[in-house]
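Data first, discussion second: the structure below is written as structure tokens.
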Amino acid sequence: MKLQRYGTIACLALAATLGLSACGSDNNEPTSGASASGSAAAVDCGTGTVNAQGSSAQKNAMAEWIKAYQQKCAGTTINYEASGSGAGIQAFIAGTADFAGSDSALKPEEQPQADAKCAGGKAIHLPMVIGPVAVAYNVSGVDNLQLKPATLAKIFAGKVTKWDDAAIKADNPDAKLPATTIQTVHRSDESGTTDNFTKFLSKTSESDWTFSNAKAWKAPGGTGAKGSDGVASSVKGADGSIGYMEWSFAENAGLKMAKIGNGNGEFAALTAEAAGKTIAGAAVEGQGDDLKLKIDYNTKEAGAYPIVLATYEIVCSKGLAADKLKLVKGLLGYAASAEGQNSLTDLGYAPLPETVRTKVEAAVKNLS
């Protein structure tokens, strides 16, 4: 499978990165994996039942971790419902989810509501799944397309409508570009992928992208498709089209992906290592074990691919129910381990930097 070569990249770069992503193919069969050292991770086995829900972007990652953990720890029941980030947060606040998966941090008005569920503690953000967003295209005769953020913003805002437009020519001086009409494809459903893609556009090309960022697509024109699989299918089926989607869907559909301009003045190809470089430069906005990240979409890190999203596990730092604590810590501890992270590389997950992974691992150990 095509994505397996990225597992090799991640292993070679493991001193700097460990593997994660946004969403893998439903046809991928999870495997338990081994740690970077080749030995199995020490797992703290809990008992009982844990219920969690939220982000669909981390559905395959969570399925992989749950399967591997239950193989190591018999007698456990772990349920994860991919109900969407917003629903997961509301379930956590309502007390029906022991932790929530979310592609976005808690909103200011949600934080105190979530904190109220944590006796003696606060709700914290643990980045577990890092997903690069691919810009995939289908233009006959065009390979190795490269786009500056401003050009990308103009395309999706409907300001650039032909593939031989001067703005695209300026980014691709050696390419033979056709006069084909550009067909943009966006998500029709509310999505963390849309939120993060539009956040990238708004942070890097404010004058060309005036629609801010949101989970729902706001710009006029274009074609809507449900899910990253729907966007990938639409792009694959129409010459002249371009769309954004989670990395693995572009790979699995055999689509060409554009190189994207970063703050260092380079056009960066989407690889596991390149996405990891952007996350390595992210600032931690939270305090203590709250590892909420602020991604620099204008990153000047050499070779960094700048369009990435972080998916969090939102969990109580203190106040977890006594009958849930050991199992939650055991599962999240495995997820944050070298083995847990590295087991996902073949599912299309981009590397989580080791510097971030070790902070998450330490925060999980402090849960009480």
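Within each chain, counting starts at residue 1; across the structure tokens, chains are named A, B, ... in the order shown, with ligands numbered 1 upward in that order.
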
Near-region 354-368 of chain A list (10 Å; only C-alpha atoms; drop same-chain fewer than 6 positions) as a PyMOL selection string: chain A and resi 13-19+120-121+124-128+276+279-282+284+288-291+293+315-322+325-326+328-338+341

Keeping N, CA and C atoms, export the residues of the selection given above as a tab-separated table (two decimals), in the first residue's frame.
chain	number	residue	atom	x	y	z
A	13	ALA	N	13.05	8.94	10.89
A	13	ALA	CA	13.07	10.25	11.53
A	13	ALA	C	12.61	10.18	12.98
A	14	LEU	N	12.59	8.98	13.58
A	14	LEU	CA	11.94	8.79	14.86
A	14	LEU	C	12.60	9.55	16.00
A	15	ALA	N	13.86	9.88	15.85
A	15	ALA	CA	14.50	10.68	16.88
A	15	ALA	C	13.82	12.04	17.00
A	16	ALA	N	13.25	12.48	15.87
A	16	ALA	CA	12.57	13.77	15.87
A	16	ALA	C	11.07	13.64	15.89
A	17	THR	N	10.55	12.50	15.38
A	17	THR	CA	9.10	12.39	15.22
A	17	THR	C	8.60	10.99	15.51
A	18	LEU	N	7.29	10.93	15.84
A	18	LEU	CA	6.61	9.64	15.96
A	18	LEU	C	5.26	9.72	15.28
A	19	GLY	N	4.73	8.59	14.78
A	19	GLY	CA	3.66	8.63	13.79
A	19	GLY	C	2.23	8.78	14.27
A	120	GLY	N	-11.81	18.94	41.74
A	120	GLY	CA	-10.45	19.27	42.17
A	120	GLY	C	-9.47	19.46	41.04
A	121	GLY	N	-9.94	19.41	39.80
A	121	GLY	CA	-9.03	19.56	38.66
A	121	GLY	C	-9.66	20.36	37.54
A	124	ILE	N	-8.28	19.16	30.53
A	124	ILE	CA	-7.05	19.48	29.81
A	124	ILE	C	-7.07	18.88	28.41
A	125	HIS	N	-6.23	19.46	27.54
A	125	HIS	CA	-6.12	19.02	26.14
A	125	HIS	C	-4.83	18.23	25.95
A	126	LEU	N	-4.96	17.01	25.46
A	126	LEU	CA	-3.80	16.17	25.18
A	126	LEU	C	-3.76	15.89	23.67
A	127	PRO	N	-2.86	16.53	22.91
A	127	PRO	CA	-2.79	16.25	21.47
A	127	PRO	C	-2.30	14.83	21.23
A	128	MET	N	-3.12	14.02	20.57
A	128	MET	CA	-2.79	12.62	20.34
A	128	MET	C	-2.66	12.29	18.85
A	276	GLY	N	5.40	16.87	10.53
A	276	GLY	CA	5.89	16.85	11.90
A	276	GLY	C	6.68	18.09	12.26
A	279	ILE	N	4.35	20.85	13.51
A	279	ILE	CA	3.88	20.60	14.86
A	279	ILE	C	5.01	20.82	15.87
A	280	ALA	N	6.23	20.48	15.51
A	280	ALA	CA	7.37	20.68	16.41
A	280	ALA	C	7.54	22.16	16.76
A	281	GLY	N	7.14	23.03	15.84
A	281	GLY	CA	7.26	24.47	16.07
A	281	GLY	C	6.04	25.10	16.72
A	282	ALA	N	5.02	24.29	17.03
A	282	ALA	CA	3.80	24.83	17.63
A	282	ALA	C	4.06	25.24	19.08
A	284	VAL	N	2.84	25.83	22.97
A	284	VAL	CA	1.86	25.29	23.92
A	284	VAL	C	1.18	26.47	24.61
A	288	GLY	N	0.71	24.05	32.55
A	288	GLY	CA	0.95	22.75	33.17
A	288	GLY	C	0.76	21.61	32.20
A	289	ASP	N	-0.12	20.68	32.56
A	289	ASP	CA	-0.36	19.50	31.71
A	289	ASP	C	-1.40	19.76	30.62
A	290	ASP	N	-1.92	20.98	30.56
A	290	ASP	CA	-2.85	21.34	29.48
A	290	ASP	C	-2.02	21.70	28.25
A	291	LEU	N	-2.00	20.82	27.25
A	291	LEU	CA	-1.09	20.95	26.11
A	291	LEU	C	-1.80	21.44	24.85
A	293	LEU	N	-2.32	23.48	21.71
A	293	LEU	CA	-1.28	23.96	20.80
A	293	LEU	C	-1.75	25.15	19.97
A	315	VAL	N	-9.73	15.50	28.75
A	315	VAL	CA	-9.88	14.62	29.90
A	315	VAL	C	-9.65	15.42	31.18
A	316	CYS	N	-10.16	14.94	32.30
A	316	CYS	CA	-9.95	15.62	33.59
A	316	CYS	C	-8.54	15.37	34.10
A	317	SER	N	-7.87	16.45	34.50
A	317	SER	CA	-6.54	16.29	35.10
A	317	SER	C	-6.65	15.60	36.46
A	318	LYS	N	-7.73	15.93	37.19
A	318	LYS	CA	-8.05	15.30	38.47
A	318	LYS	C	-9.56	15.10	38.52
A	319	GLY	N	-9.99	14.17	39.33
A	319	GLY	CA	-11.42	13.97	39.51
A	319	GLY	C	-12.03	12.87	38.69
A	320	LEU	N	-11.20	12.08	38.00
A	320	LEU	CA	-11.73	10.93	37.28
A	320	LEU	C	-12.33	9.94	38.28
A	321	ALA	N	-13.44	9.35	37.93
A	321	ALA	CA	-14.08	8.37	38.82
A	321	ALA	C	-13.10	7.25	39.13
A	322	ALA	N	-13.13	6.80	40.37
A	322	ALA	CA	-12.16	5.79	40.82
A	322	ALA	C	-12.20	4.53	39.98
A	325	LEU	N	-10.37	5.54	36.44
A	325	LEU	CA	-9.05	6.17	36.39
A	325	LEU	C	-7.98	5.29	35.77
A	326	LYS	N	-7.82	4.07	36.28
A	326	LYS	CA	-6.72	3.23	35.82
A	326	LYS	C	-6.87	2.85	34.35
A	328	VAL	N	-8.59	4.59	31.95
A	328	VAL	CA	-8.35	5.77	31.12
A	328	VAL	C	-6.86	6.06	31.02
A	329	LYS	N	-6.16	6.01	32.15
A	329	LYS	CA	-4.71	6.24	32.14
A	329	LYS	C	-3.98	5.18	31.33
A	330	GLY	N	-4.44	3.93	31.45
A	330	GLY	CA	-3.79	2.85	30.72
A	330	GLY	C	-3.94	3.01	29.22
A	331	LEU	N	-5.16	3.29	28.77
A	331	LEU	CA	-5.41	3.44	27.34
A	331	LEU	C	-4.68	4.65	26.77
A	332	LEU	N	-4.82	5.82	27.41
A	332	LEU	CA	-4.17	7.02	26.89
A	332	LEU	C	-2.65	6.94	27.03
A	333	GLY	N	-2.21	6.22	28.06
A	333	GLY	CA	-0.77	6.02	28.20
A	333	GLY	C	-0.21	5.18	27.06
A	334	TYR	N	-0.96	4.16	26.66
A	334	TYR	CA	-0.53	3.37	25.51
A	334	TYR	C	-0.56	4.21	24.24
A	335	ALA	N	-1.62	5.00	24.07
A	335	ALA	CA	-1.74	5.84	22.88
A	335	ALA	C	-0.56	6.81	22.76
A	336	ALA	N	-0.09	7.33	23.88
A	336	ALA	CA	1.00	8.31	23.88
A	336	ALA	C	2.38	7.66	23.86
A	337	SER	N	2.44	6.34	23.98
A	337	SER	CA	3.73	5.66	24.01
A	337	SER	C	4.34	5.59	22.62
A	338	ALA	N	5.63	5.30	22.56
A	338	ALA	CA	6.30	5.15	21.27
A	338	ALA	C	5.65	4.05	20.45
A	341	GLN	N	2.12	5.24	19.16
A	341	GLN	CA	2.23	6.22	18.08
A	341	GLN	C	2.76	5.57	16.80

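Residues of region 154-206 of chain A carrying a DSSP assignment of alpha helix (DSSP H), computed from the backbone, are Lys154, Ile155, Phe156, Ala166, Ala167, Ile168, Lys169, Ala170, Asp171, Gly192, Thr193, Thr194, Asp195, Asn196, Phe197, Thr198, Lys199, Phe200, Leu201, Ser202, Lys203 and Thr204 of chain A.
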
Nearest to Gly222 (chain A), chosen from A:Thr193, A:Thr210, A:Thr181, A:Asn252, with only C-alpha atoms counted in the distances: A:Thr181

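In this model, the gap between CA of Glu110 (chain A) and CA of Ala219 (chain A) comes to 27.1 Å.
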
Every residue of region 72-313 of chain A that DSSP places in strand (DSSP E or B), as a count of residues only: 61

Near-Trp163 (chain A) list (8 Å; only C-alpha atoms; drop same-chain fewer than 4 positions) as a PyMOL selection string: chain A and resi 168+177-182+240

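Nearest to Gln113 (chain A) of all the residues A:Ala100, A:Ala274, A:Ala150, A:Ile89 is A:Ile89, counting only C-alpha atoms.
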
Please list as an mmCIF file with C-alpha atoms, in the first residue's frame every residue within 10 Å of Ala302 (chain A), counting only C-alpha atoms and excluding residues in the same chain fewer than 6 positions away.
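As a result, part.cif now contains:
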data_model
loop_
_atom_site.group_PDB
_atom_site.id
_atom_site.type_symbol
_atom_site.label_atom_id
_atom_site.label_comp_id
_atom_site.auth_asym_id
_atom_site.auth_seq_id
_atom_site.Cartn_x
_atom_site.Cartn_y
_atom_site.Cartn_z
ATOM 1 C CA ASN A 262 5.588 27.898 3.786
ATOM 2 C CA GLY A 263 6.911 30.906 5.705
ATOM 3 C CA ASN A 264 10.461 29.993 4.759
ATOM 4 C CA GLY A 265 9.734 30.724 1.101
ATOM 5 C CA GLU A 266 9.799 27.050 0.097
ATOM 6 C CA ALA A 268 6.923 21.867 0.716
ATOM 7 C CA ALA A 274 7.433 17.673 6.771
ATOM 8 C CA LYS A 277 8.164 19.868 11.534
ATOM 9 C CA THR A 278 5.190 22.243 11.705
#

Selection near Ser102 (chain A), 10 Å with only C-alpha atoms, sequence-local residues under 3 positions removed, as a ChimeraX atom specification: /A:53-58,84-89,99,105-106,125-127,129,192,310-314

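Interatomic distance, CA of Lys256 (chain A) against CA of Pro306 (chain A): 17.5 Å.
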
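Going from CA of Asn138 (chain A) over to CA of Glu251 (chain A), you cover 13.2 Å.
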
Nearest residue to Lys218 (chain A) from the set A:Tyr305, A:Tyr297, A:Phe156, A:Tyr69 (distances using only C-alpha atoms): A:Phe156

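Considering the residues A:Ser234, A:Ser205, A:Asn144, A:Thr299 and counting only C-alpha atoms, Ser188 (chain A) has its shortest atom-to-atom contact with A:Ser234.
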